[in-house]
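Student: This is protein-v8.cif, which holds mmCIF, N, CA and C atoms:
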```cif
data_entry
loop_
_atom_site.label_atom_id
_atom_site.label_comp_id
_atom_site.auth_asym_id
_atom_site.auth_seq_id
_atom_site.Cartn_x
_atom_site.Cartn_y
_atom_site.Cartn_z
N MET A 3 199.23 97.36 -16.57
CA MET A 3 198.71 97.15 -15.24
C MET A 3 198.65 98.49 -14.53
N SER A 4 197.49 98.85 -14.07
CA SER A 4 197.37 100.08 -13.30
C SER A 4 197.26 99.72 -11.84
N GLY A 5 197.27 100.73 -10.99
CA GLY A 5 197.13 100.45 -9.57
C GLY A 5 198.40 100.68 -8.81
N LYS A 6 198.60 99.88 -7.80
CA LYS A 6 199.68 100.06 -6.85
C LYS A 6 201.00 99.52 -7.39
N HIS A 7 202.01 100.39 -7.41
CA HIS A 7 203.35 100.00 -7.87
C HIS A 7 204.39 100.19 -6.77
N VAL A 8 204.05 100.96 -5.74
CA VAL A 8 204.96 101.25 -4.64
C VAL A 8 204.37 100.61 -3.38
N HIS A 9 205.18 99.82 -2.70
CA HIS A 9 204.70 99.05 -1.55
C HIS A 9 205.67 99.19 -0.38
N GLN A 10 205.13 99.13 0.81
CA GLN A 10 205.99 99.04 1.98
C GLN A 10 206.68 97.68 1.96
N LYS A 11 207.89 97.63 2.44
CA LYS A 11 208.66 96.38 2.50
C LYS A 11 207.79 95.29 3.15
N GLY A 12 207.74 94.14 2.52
CA GLY A 12 207.00 93.01 3.06
C GLY A 12 205.54 92.93 2.64
N ALA A 13 205.03 93.97 1.98
CA ALA A 13 203.61 93.99 1.63
C ALA A 13 203.30 93.32 0.29
N PHE A 14 204.33 92.96 -0.46
CA PHE A 14 204.16 92.37 -1.78
C PHE A 14 205.34 91.44 -2.02
N SER A 15 205.07 90.23 -2.48
CA SER A 15 206.15 89.24 -2.63
C SER A 15 206.31 88.81 -4.09
N ILE A 16 207.34 88.05 -4.34
CA ILE A 16 207.57 87.51 -5.68
C ILE A 16 206.42 86.57 -6.06
N VAL A 17 205.87 85.86 -5.09
CA VAL A 17 204.73 84.98 -5.34
C VAL A 17 203.51 85.82 -5.74
N ASP A 18 203.30 86.95 -5.03
CA ASP A 18 202.21 87.86 -5.39
C ASP A 18 202.40 88.35 -6.83
N LEU A 19 203.63 88.70 -7.18
CA LEU A 19 203.92 89.22 -8.51
C LEU A 19 203.55 88.21 -9.59
N ILE A 20 204.04 87.00 -9.45
CA ILE A 20 203.75 85.97 -10.46
C ILE A 20 202.25 85.71 -10.54
N GLY A 21 201.59 85.74 -9.39
CA GLY A 21 200.13 85.56 -9.38
C GLY A 21 199.41 86.64 -10.14
N THR A 22 199.83 87.90 -9.97
CA THR A 22 199.15 88.99 -10.68
C THR A 22 199.39 88.89 -12.19
N VAL A 23 200.56 88.44 -12.59
CA VAL A 23 200.84 88.29 -14.02
C VAL A 23 200.00 87.15 -14.59
N LYS A 24 199.95 86.03 -13.90
CA LYS A 24 199.21 84.87 -14.42
C LYS A 24 197.70 85.09 -14.38
N ASN A 25 197.23 86.02 -13.57
CA ASN A 25 195.80 86.33 -13.53
C ASN A 25 195.41 87.40 -14.54
N GLU A 26 196.37 87.94 -15.27
CA GLU A 26 196.09 88.90 -16.34
C GLU A 26 195.19 88.21 -17.37
N GLY A 27 194.15 88.92 -17.80
CA GLY A 27 193.17 88.33 -18.71
C GLY A 27 193.74 87.72 -19.97
N ALA A 28 194.80 88.32 -20.49
CA ALA A 28 195.39 87.85 -21.75
C ALA A 28 196.58 86.90 -21.53
N PHE A 29 196.72 86.37 -20.31
CA PHE A 29 197.91 85.55 -20.01
C PHE A 29 198.05 84.35 -20.94
N ALA A 30 196.94 83.84 -21.47
CA ALA A 30 197.00 82.67 -22.35
C ALA A 30 197.86 82.94 -23.60
N LYS A 31 198.06 84.21 -23.92
CA LYS A 31 198.90 84.58 -25.07
C LYS A 31 200.38 84.60 -24.71
N THR A 32 200.69 84.44 -23.44
CA THR A 32 202.07 84.55 -22.97
C THR A 32 202.87 83.28 -23.27
N GLY A 33 204.06 83.49 -23.83
CA GLY A 33 204.99 82.41 -24.07
C GLY A 33 206.31 82.63 -23.34
N ALA A 34 206.49 83.85 -22.77
CA ALA A 34 207.75 84.17 -22.08
C ALA A 34 207.51 85.21 -21.00
N LEU A 35 208.13 84.98 -19.86
CA LEU A 35 208.17 85.95 -18.76
C LEU A 35 209.63 86.28 -18.51
N ALA A 36 209.93 87.56 -18.39
CA ALA A 36 211.28 87.98 -18.00
C ALA A 36 211.14 88.77 -16.71
N LEU A 37 212.02 88.49 -15.76
CA LEU A 37 211.92 89.08 -14.43
C LEU A 37 213.25 89.68 -14.00
N PHE A 38 213.19 90.90 -13.49
CA PHE A 38 214.34 91.57 -12.90
C PHE A 38 214.05 91.76 -11.43
N ILE A 39 215.00 91.38 -10.58
CA ILE A 39 214.89 91.62 -9.14
C ILE A 39 216.08 92.49 -8.75
N GLY A 40 215.82 93.71 -8.31
CA GLY A 40 216.87 94.58 -7.82
C GLY A 40 217.05 94.34 -6.33
N VAL A 41 218.28 94.10 -5.90
CA VAL A 41 218.58 93.83 -4.49
C VAL A 41 219.61 94.83 -3.97
N VAL A 42 219.71 94.93 -2.66
CA VAL A 42 220.68 95.81 -2.03
C VAL A 42 222.08 95.21 -2.19
N ARG A 43 222.94 95.96 -2.84
CA ARG A 43 224.34 95.56 -3.05
C ARG A 43 225.14 95.90 -1.80
N GLY A 44 226.11 95.10 -1.47
CA GLY A 44 226.90 95.29 -0.27
C GLY A 44 228.02 96.31 -0.38
N GLU A 45 228.23 96.82 -1.59
CA GLU A 45 229.28 97.82 -1.81
C GLU A 45 228.78 98.81 -2.84
N ASN A 46 229.01 100.09 -2.60
CA ASN A 46 228.56 101.09 -3.58
C ASN A 46 229.65 101.36 -4.61
N VAL A 47 229.36 102.25 -5.54
CA VAL A 47 230.29 102.52 -6.65
C VAL A 47 231.60 103.15 -6.18
N ASN A 48 231.61 103.70 -4.96
CA ASN A 48 232.83 104.30 -4.40
C ASN A 48 233.66 103.31 -3.60
N GLY A 49 233.24 102.04 -3.58
CA GLY A 49 233.97 101.03 -2.84
C GLY A 49 233.67 101.03 -1.35
N GLU A 50 232.64 101.75 -0.94
CA GLU A 50 232.27 101.81 0.47
C GLU A 50 231.35 100.64 0.80
N LYS A 51 231.46 100.13 2.03
CA LYS A 51 230.63 99.02 2.47
C LYS A 51 229.24 99.55 2.85
N VAL A 52 228.22 99.04 2.18
CA VAL A 52 226.85 99.46 2.47
C VAL A 52 226.35 98.69 3.69
N GLN A 53 225.85 99.43 4.67
CA GLN A 53 225.27 98.82 5.88
C GLN A 53 223.79 98.55 5.68
N LYS A 54 223.08 99.55 5.12
CA LYS A 54 221.65 99.42 4.85
C LYS A 54 221.23 100.54 3.92
N LEU A 55 220.03 100.43 3.39
CA LEU A 55 219.43 101.47 2.57
C LEU A 55 218.09 101.86 3.16
N GLU A 56 217.74 103.11 2.96
CA GLU A 56 216.42 103.60 3.31
C GLU A 56 215.81 104.12 2.01
N ILE A 57 214.63 103.63 1.67
CA ILE A 57 213.97 104.02 0.43
C ILE A 57 212.68 104.75 0.76
N GLU A 58 212.53 105.94 0.17
CA GLU A 58 211.32 106.74 0.31
C GLU A 58 210.85 107.12 -1.09
N ALA A 59 209.60 107.56 -1.18
CA ALA A 59 209.06 107.98 -2.48
C ALA A 59 207.96 109.00 -2.29
N TYR A 60 207.76 109.78 -3.32
CA TYR A 60 206.55 110.58 -3.45
C TYR A 60 205.55 109.56 -4.02
N GLU A 61 204.84 108.85 -3.13
CA GLU A 61 204.11 107.64 -3.51
C GLU A 61 203.08 107.83 -4.63
N GLU A 62 202.24 108.83 -4.51
CA GLU A 62 201.20 109.03 -5.53
C GLU A 62 201.83 109.26 -6.90
N LYS A 63 202.84 110.11 -6.96
CA LYS A 63 203.51 110.40 -8.23
C LYS A 63 204.28 109.17 -8.73
N ALA A 64 204.93 108.45 -7.82
CA ALA A 64 205.67 107.25 -8.21
C ALA A 64 204.73 106.22 -8.82
N ASP A 65 203.55 106.01 -8.21
CA ASP A 65 202.58 105.07 -8.78
C ASP A 65 202.17 105.52 -10.18
N GLU A 66 201.95 106.82 -10.34
CA GLU A 66 201.55 107.37 -11.63
C GLU A 66 202.64 107.17 -12.69
N VAL A 67 203.88 107.49 -12.33
CA VAL A 67 205.00 107.37 -13.27
C VAL A 67 205.24 105.90 -13.63
N LEU A 68 205.25 105.02 -12.65
CA LEU A 68 205.49 103.61 -12.92
C LEU A 68 204.37 103.01 -13.77
N SER A 69 203.14 103.42 -13.51
CA SER A 69 202.01 102.95 -14.32
C SER A 69 202.16 103.41 -15.77
N SER A 70 202.58 104.64 -15.95
CA SER A 70 202.78 105.19 -17.30
C SER A 70 203.90 104.44 -18.03
N ILE A 71 205.00 104.16 -17.33
CA ILE A 71 206.10 103.41 -17.94
C ILE A 71 205.61 102.04 -18.39
N CYS A 72 204.87 101.37 -17.52
CA CYS A 72 204.35 100.04 -17.85
C CYS A 72 203.45 100.08 -19.09
N SER A 73 202.54 101.05 -19.12
CA SER A 73 201.63 101.18 -20.27
C SER A 73 202.40 101.47 -21.56
N ASP A 74 203.35 102.38 -21.48
CA ASP A 74 204.15 102.74 -22.67
C ASP A 74 204.88 101.54 -23.23
N ILE A 75 205.55 100.81 -22.36
CA ILE A 75 206.36 99.67 -22.81
C ILE A 75 205.48 98.54 -23.31
N LYS A 76 204.37 98.30 -22.64
CA LYS A 76 203.43 97.26 -23.08
C LYS A 76 202.97 97.55 -24.50
N ARG A 77 202.61 98.79 -24.75
CA ARG A 77 202.12 99.20 -26.08
C ARG A 77 203.26 99.15 -27.11
N LYS A 78 204.41 99.68 -26.76
CA LYS A 78 205.55 99.77 -27.69
C LYS A 78 205.99 98.39 -28.20
N TYR A 79 206.05 97.41 -27.29
CA TYR A 79 206.56 96.08 -27.65
C TYR A 79 205.45 95.07 -27.93
N GLY A 80 204.19 95.48 -27.81
CA GLY A 80 203.08 94.57 -28.05
C GLY A 80 203.04 93.43 -27.05
N LEU A 81 203.15 93.76 -25.77
CA LEU A 81 203.26 92.75 -24.72
C LEU A 81 201.92 92.44 -24.06
N VAL A 82 201.89 91.34 -23.35
CA VAL A 82 200.72 90.94 -22.58
C VAL A 82 200.64 91.74 -21.28
N ASP A 83 201.78 91.93 -20.62
CA ASP A 83 201.79 92.62 -19.33
C ASP A 83 203.19 93.16 -19.03
N VAL A 84 203.23 94.29 -18.34
CA VAL A 84 204.46 94.87 -17.81
C VAL A 84 204.12 95.39 -16.42
N GLN A 85 204.91 95.00 -15.43
CA GLN A 85 204.68 95.46 -14.06
C GLN A 85 205.99 95.86 -13.42
N ILE A 86 205.94 96.95 -12.65
CA ILE A 86 207.08 97.40 -11.86
C ILE A 86 206.56 97.60 -10.43
N HIS A 87 207.22 96.98 -9.47
CA HIS A 87 206.84 97.10 -8.07
C HIS A 87 208.09 97.46 -7.26
N HIS A 88 208.08 98.65 -6.67
CA HIS A 88 209.22 99.12 -5.89
C HIS A 88 208.83 99.15 -4.42
N PHE A 89 209.78 98.86 -3.56
CA PHE A 89 209.51 98.79 -2.13
C PHE A 89 210.08 99.99 -1.38
N LEU A 90 209.44 100.31 -0.27
CA LEU A 90 209.84 101.42 0.59
C LEU A 90 210.15 100.88 1.97
N GLY A 91 211.06 101.58 2.67
CA GLY A 91 211.40 101.18 4.03
C GLY A 91 212.90 101.08 4.20
N GLU A 92 213.31 100.30 5.20
CA GLU A 92 214.73 100.06 5.48
C GLU A 92 215.10 98.67 5.02
N PHE A 93 216.24 98.57 4.33
CA PHE A 93 216.66 97.31 3.71
C PHE A 93 218.10 96.98 4.05
N ASN A 94 218.34 95.73 4.34
CA ASN A 94 219.69 95.23 4.57
C ASN A 94 220.26 94.69 3.26
N VAL A 95 221.55 94.48 3.23
CA VAL A 95 222.23 93.93 2.07
C VAL A 95 221.57 92.61 1.68
N GLY A 96 221.29 92.46 0.39
CA GLY A 96 220.71 91.23 -0.14
C GLY A 96 219.19 91.24 -0.22
N GLU A 97 218.54 92.21 0.41
CA GLU A 97 217.08 92.23 0.38
C GLU A 97 216.56 92.80 -0.94
N ASP A 98 215.37 92.34 -1.35
CA ASP A 98 214.74 92.80 -2.58
C ASP A 98 214.27 94.24 -2.45
N LEU A 99 214.54 95.04 -3.50
CA LEU A 99 214.11 96.44 -3.57
C LEU A 99 213.04 96.67 -4.63
N VAL A 100 213.11 95.93 -5.72
CA VAL A 100 212.22 96.18 -6.85
C VAL A 100 212.05 94.90 -7.66
N TYR A 101 210.83 94.74 -8.18
CA TYR A 101 210.53 93.67 -9.13
C TYR A 101 210.04 94.32 -10.42
N VAL A 102 210.58 93.86 -11.53
CA VAL A 102 210.08 94.28 -12.84
C VAL A 102 209.82 92.99 -13.61
N VAL A 103 208.62 92.85 -14.15
CA VAL A 103 208.29 91.66 -14.92
C VAL A 103 207.65 92.08 -16.23
N VAL A 104 208.00 91.33 -17.26
CA VAL A 104 207.47 91.56 -18.60
C VAL A 104 206.96 90.22 -19.12
N ALA A 105 205.72 90.21 -19.62
CA ALA A 105 205.13 89.00 -20.19
C ALA A 105 204.79 89.28 -21.65
N GLY A 106 205.22 88.37 -22.50
CA GLY A 106 204.95 88.55 -23.93
C GLY A 106 204.78 87.22 -24.63
N SER A 107 204.34 87.29 -25.86
CA SER A 107 204.12 86.08 -26.65
C SER A 107 205.43 85.36 -26.97
N HIS A 108 206.49 86.16 -27.19
CA HIS A 108 207.77 85.59 -27.63
C HIS A 108 208.92 86.18 -26.83
N ARG A 109 209.96 85.40 -26.63
CA ARG A 109 211.11 85.85 -25.84
C ARG A 109 211.83 87.04 -26.47
N GLU A 110 211.77 87.17 -27.78
CA GLU A 110 212.47 88.26 -28.46
C GLU A 110 211.95 89.63 -27.99
N ASN A 111 210.69 89.70 -27.61
CA ASN A 111 210.10 90.97 -27.18
C ASN A 111 210.39 91.28 -25.72
N VAL A 112 210.48 90.26 -24.88
CA VAL A 112 210.52 90.52 -23.44
C VAL A 112 211.87 91.05 -22.95
N PHE A 113 212.97 90.61 -23.55
CA PHE A 113 214.28 91.05 -23.04
C PHE A 113 214.54 92.54 -23.25
N PRO A 114 214.35 93.08 -24.46
CA PRO A 114 214.57 94.52 -24.61
C PRO A 114 213.56 95.34 -23.82
N ALA A 115 212.34 94.86 -23.69
CA ALA A 115 211.32 95.57 -22.92
C ALA A 115 211.68 95.60 -21.44
N LEU A 116 212.21 94.50 -20.94
CA LEU A 116 212.61 94.45 -19.53
C LEU A 116 213.73 95.45 -19.26
N ARG A 117 214.70 95.48 -20.12
CA ARG A 117 215.81 96.43 -19.95
C ARG A 117 215.31 97.87 -19.97
N GLU A 118 214.44 98.19 -20.91
CA GLU A 118 213.91 99.54 -20.99
C GLU A 118 213.11 99.89 -19.74
N ALA A 119 212.31 98.97 -19.24
CA ALA A 119 211.52 99.22 -18.03
C ALA A 119 212.42 99.51 -16.84
N VAL A 120 213.50 98.75 -16.69
CA VAL A 120 214.43 98.97 -15.58
C VAL A 120 215.11 100.33 -15.71
N GLU A 121 215.62 100.63 -16.89
CA GLU A 121 216.31 101.91 -17.09
C GLU A 121 215.37 103.09 -16.87
N ARG A 122 214.14 102.96 -17.32
CA ARG A 122 213.20 104.07 -17.19
C ARG A 122 212.76 104.29 -15.74
N TYR A 123 212.48 103.23 -15.00
CA TYR A 123 212.06 103.47 -13.61
C TYR A 123 213.18 104.13 -12.84
N LYS A 124 214.41 103.75 -13.11
CA LYS A 124 215.55 104.35 -12.41
C LYS A 124 215.67 105.84 -12.72
N ARG A 125 215.40 106.23 -13.95
CA ARG A 125 215.50 107.63 -14.37
C ARG A 125 214.31 108.47 -13.98
N GLU A 126 213.11 107.91 -14.07
CA GLU A 126 211.89 108.70 -14.05
C GLU A 126 211.10 108.70 -12.74
N ALA A 127 211.17 107.65 -11.97
CA ALA A 127 210.31 107.55 -10.79
C ALA A 127 210.86 108.38 -9.62
N PRO A 128 209.98 109.10 -8.92
CA PRO A 128 210.42 109.89 -7.75
C PRO A 128 210.59 108.99 -6.52
N ILE A 129 211.65 108.17 -6.58
CA ILE A 129 211.98 107.24 -5.51
C ILE A 129 213.39 107.61 -5.05
N PHE A 130 213.56 107.72 -3.74
CA PHE A 130 214.79 108.26 -3.18
C PHE A 130 215.46 107.25 -2.27
N LYS A 131 216.78 107.18 -2.38
CA LYS A 131 217.57 106.19 -1.66
C LYS A 131 218.59 106.87 -0.75
N LYS A 132 218.59 106.47 0.50
CA LYS A 132 219.61 106.94 1.45
C LYS A 132 220.50 105.75 1.79
N GLU A 133 221.80 105.93 1.53
CA GLU A 133 222.77 104.87 1.82
C GLU A 133 223.42 105.12 3.17
N TYR A 134 223.51 104.07 3.94
CA TYR A 134 224.27 104.08 5.18
C TYR A 134 225.50 103.23 4.90
N VAL A 135 226.68 103.84 4.93
CA VAL A 135 227.89 103.14 4.51
C VAL A 135 229.02 103.30 5.53
N THR A 136 229.95 102.37 5.43
CA THR A 136 231.22 102.51 6.12
C THR A 136 232.22 102.89 5.04
N ALA A 137 232.75 104.10 5.16
CA ALA A 137 233.68 104.61 4.16
C ALA A 137 235.01 103.85 4.23
N ILE A 138 235.82 104.05 3.22
CA ILE A 138 237.12 103.38 3.15
C ILE A 138 237.99 103.74 4.36
N ASN A 139 237.80 104.96 4.92
CA ASN A 139 238.56 105.36 6.10
C ASN A 139 237.99 104.80 7.40
N GLY A 140 236.91 103.98 7.29
CA GLY A 140 236.34 103.34 8.47
C GLY A 140 235.21 104.11 9.13
N LYS A 141 234.97 105.33 8.71
CA LYS A 141 233.90 106.14 9.31
C LYS A 141 232.55 105.77 8.69
N THR A 142 231.53 105.84 9.53
CA THR A 142 230.18 105.58 9.06
C THR A 142 229.52 106.89 8.67
N LYS A 143 228.81 106.86 7.55
CA LYS A 143 228.11 108.06 7.10
C LYS A 143 226.83 107.64 6.38
N ALA A 144 225.93 108.59 6.20
CA ALA A 144 224.69 108.35 5.49
C ALA A 144 224.41 109.53 4.58
N TYR A 145 223.90 109.26 3.39
CA TYR A 145 223.57 110.33 2.46
C TYR A 145 222.55 109.85 1.45
N TRP A 146 221.77 110.82 0.96
CA TRP A 146 220.78 110.54 -0.07
C TRP A 146 221.47 110.53 -1.43
N VAL A 147 221.11 109.56 -2.26
CA VAL A 147 221.64 109.49 -3.61
C VAL A 147 220.48 109.36 -4.58
N THR A 148 220.71 109.74 -5.82
CA THR A 148 219.69 109.54 -6.83
C THR A 148 220.13 108.39 -7.71
N GLU A 149 219.19 107.79 -8.38
CA GLU A 149 219.53 106.68 -9.28
C GLU A 149 220.48 107.14 -10.37
N HIS A 150 220.47 108.44 -10.70
CA HIS A 150 221.34 108.97 -11.74
C HIS A 150 222.80 108.88 -11.33
N GLU A 151 223.06 108.89 -10.01
CA GLU A 151 224.45 108.90 -9.52
C GLU A 151 225.02 107.51 -9.36
N VAL A 152 224.17 106.47 -9.34
CA VAL A 152 224.66 105.13 -9.07
C VAL A 152 224.79 104.29 -10.32
#
```
What does this structure look like when you write it as structure tokens?
Tutor:
Amino acid sequence: MSGKHVHQKGAFSIVDLIGTVKNEGAFAKTGALALFIGVVRGENVNGEKVQKLEIEAYEEKADEVLSSICSDIKRKYGLVDVQIHHFLGEFNVGEDLVYVVVAGSHRENVFPALREAVERYKREAPIFKKEYVTAINGKTKAYWVTEHEV
């Protein structure tokens, strides 16, 4: 799937996602869909309480990288469709940040492909996260983190 992979919060929904997958020309070959939804966790790896996240991206490059990841994985696993959609903006705990979906003929192909797609977008896409947290000492702070650190 080429095109838009990075969206402002609220501009693309889970219903939109399923619709785009089912409208794929080769969807009739699909026997399994695997879906990953990344959400804002209420506590970070340091045990600090997350208040909110701010997500930014180098949008043009992020679309390019995510499109490339999708194409690579689709080809590697012989899949019908692979899509990654990441959101930008301010997010509260529990809100959706990213959707990754993999459609294939058989379930054996979709699970490893889904895992690879998630790991690759986290490593490769120029998407940046700022955490607003309450530290263990009770102080509030904010800082940018990379997916490599979390």
Student: From the set A:Glu50, A:Glu118, A:Glu92, A:Asp65, which residue has the shortest atom-to-atom contact distance to Val135 (chain A), counting only C-alpha atoms?
Tutor: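 Using only C-alpha atoms, Val135 (chain A) sits closest to A:Glu50.
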Student: Under the PyMOL selection byres (((chain A and resi 27-34 and name CA) around 12) and name CA), which residues of this model are included? Write them out as a list in words.
Tutor: Met3, Ile20, Gly21, Thr22, Val23, Lys24, Asn25, Glu26, Leu35, Ala36, Leu37, Gly80, Leu81, Val82, Asp83, Val84, Val103, Val104, Ala105, Gly106, Ser107, His108, Arg109, Glu110, Asn111, Val112, Phe113, Ala115 and Leu116 of chain A
Student: Would you please work out which residue, of A:Tyr134, A:Phe38, A:Tyr60, A:Phe14, is nearest to Tyr101 (chain A) when using all atoms listed in the file?
Tutor: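 With all atoms listed in the file as the atom set, the closest residue is A:Phe38.
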Student: Return the single residue from A:Pro114, A:Gly49, A:Gly44, A:Gly12 that is closest to Phe89 (chain A), with distances computed using only C-alpha atoms.
Tutor: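 Closest to Phe89 (chain A), using only C-alpha atoms: A:Gly12.
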Student: Expanded to explicit residues, what is the PyMOL selection byres (((chain A and resi 71 and name CA) around 9) and name CA) for this file, as a list in words?
Tutor: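 Selected by the PyMOL selection byres (((chain A and resi 71 and name CA) around 9) and name CA) here: Glu66, Val67, Leu68, Ser69, Ser70, Cys72, Ser73, Asp74, Ile75, Lys76, Val84, Gln85, Ile86, Ala119, Arg122, Tyr123 and Glu126 of chain A.
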Student: Using DSSP assignments from the backbone, pull out every residue in chain A that falls under strand (DSSP E or B) and give it to me as a ChimeraX atom specification.
Tutor: /A:8-10,34-41,45,51-59,83-94,98-106,129-136,142-147
Student: Excluding Glu61 (chain A) and residues on its chain fewer than 3 positions from it, collect all residues at most 8 Å away from it, counting only C-alpha atoms, and give them as a PyMOL selection string.
Tutor: chain A and resi 8+64-65+128
Student: Extract, using all atoms listed in the file, all DNA, RNA and protein residues at most 6.5 Å from Val95 (chain A), discarding same-chain residues fewer than 3 positions from it, and format them as number ranges by chain.
Tutor: A: 41-44, 52-55
Student: Report, in Å with one decimal, the straight-line distance from atom N of Ala13 (chain A) to CA of Ile57 (chain A).
Tutor: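 The value is 13.5 Å.
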Student: Let me have the centre and edge lengths of the axis-aligned box enclosing all listed atoms of region 129-141 of chain A with 3 Å padding on every side, in Å to one decimal, as lines of an AutoDock Vina configuration file.
Tutor:
```
center_x = 225.1
center_y = 105.3
center_z = 1.4
size_x = 32.9
size_y = 11.9
size_z = 21.9
```
Student: Pick from A:Lys51, A:Ile39, A:Glu62, A:His9: nearest to Asn94 (chain A), with only C-alpha atoms counted?
Tutor: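 For Asn94 (chain A), the nearest of the candidates is A:Lys51.
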Student: Please report the interatomic distance between CA of Gly96 (chain A) and CA of Asn139 (chain A) in Å with one decimal.
Tutor: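 Interatomic distance, CA of Gly96 (chain A) to CA of Asn139 (chain A): 23.6 Å.
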Student: Hey, can you check how far atom C of Gly40 (chain A) sits from atom C of Lys143 (chain A)?
Tutor: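 Computing the Euclidean distance for atom C of Gly40 (chain A) and atom C of Lys143 (chain A) yields 20.8 Å.
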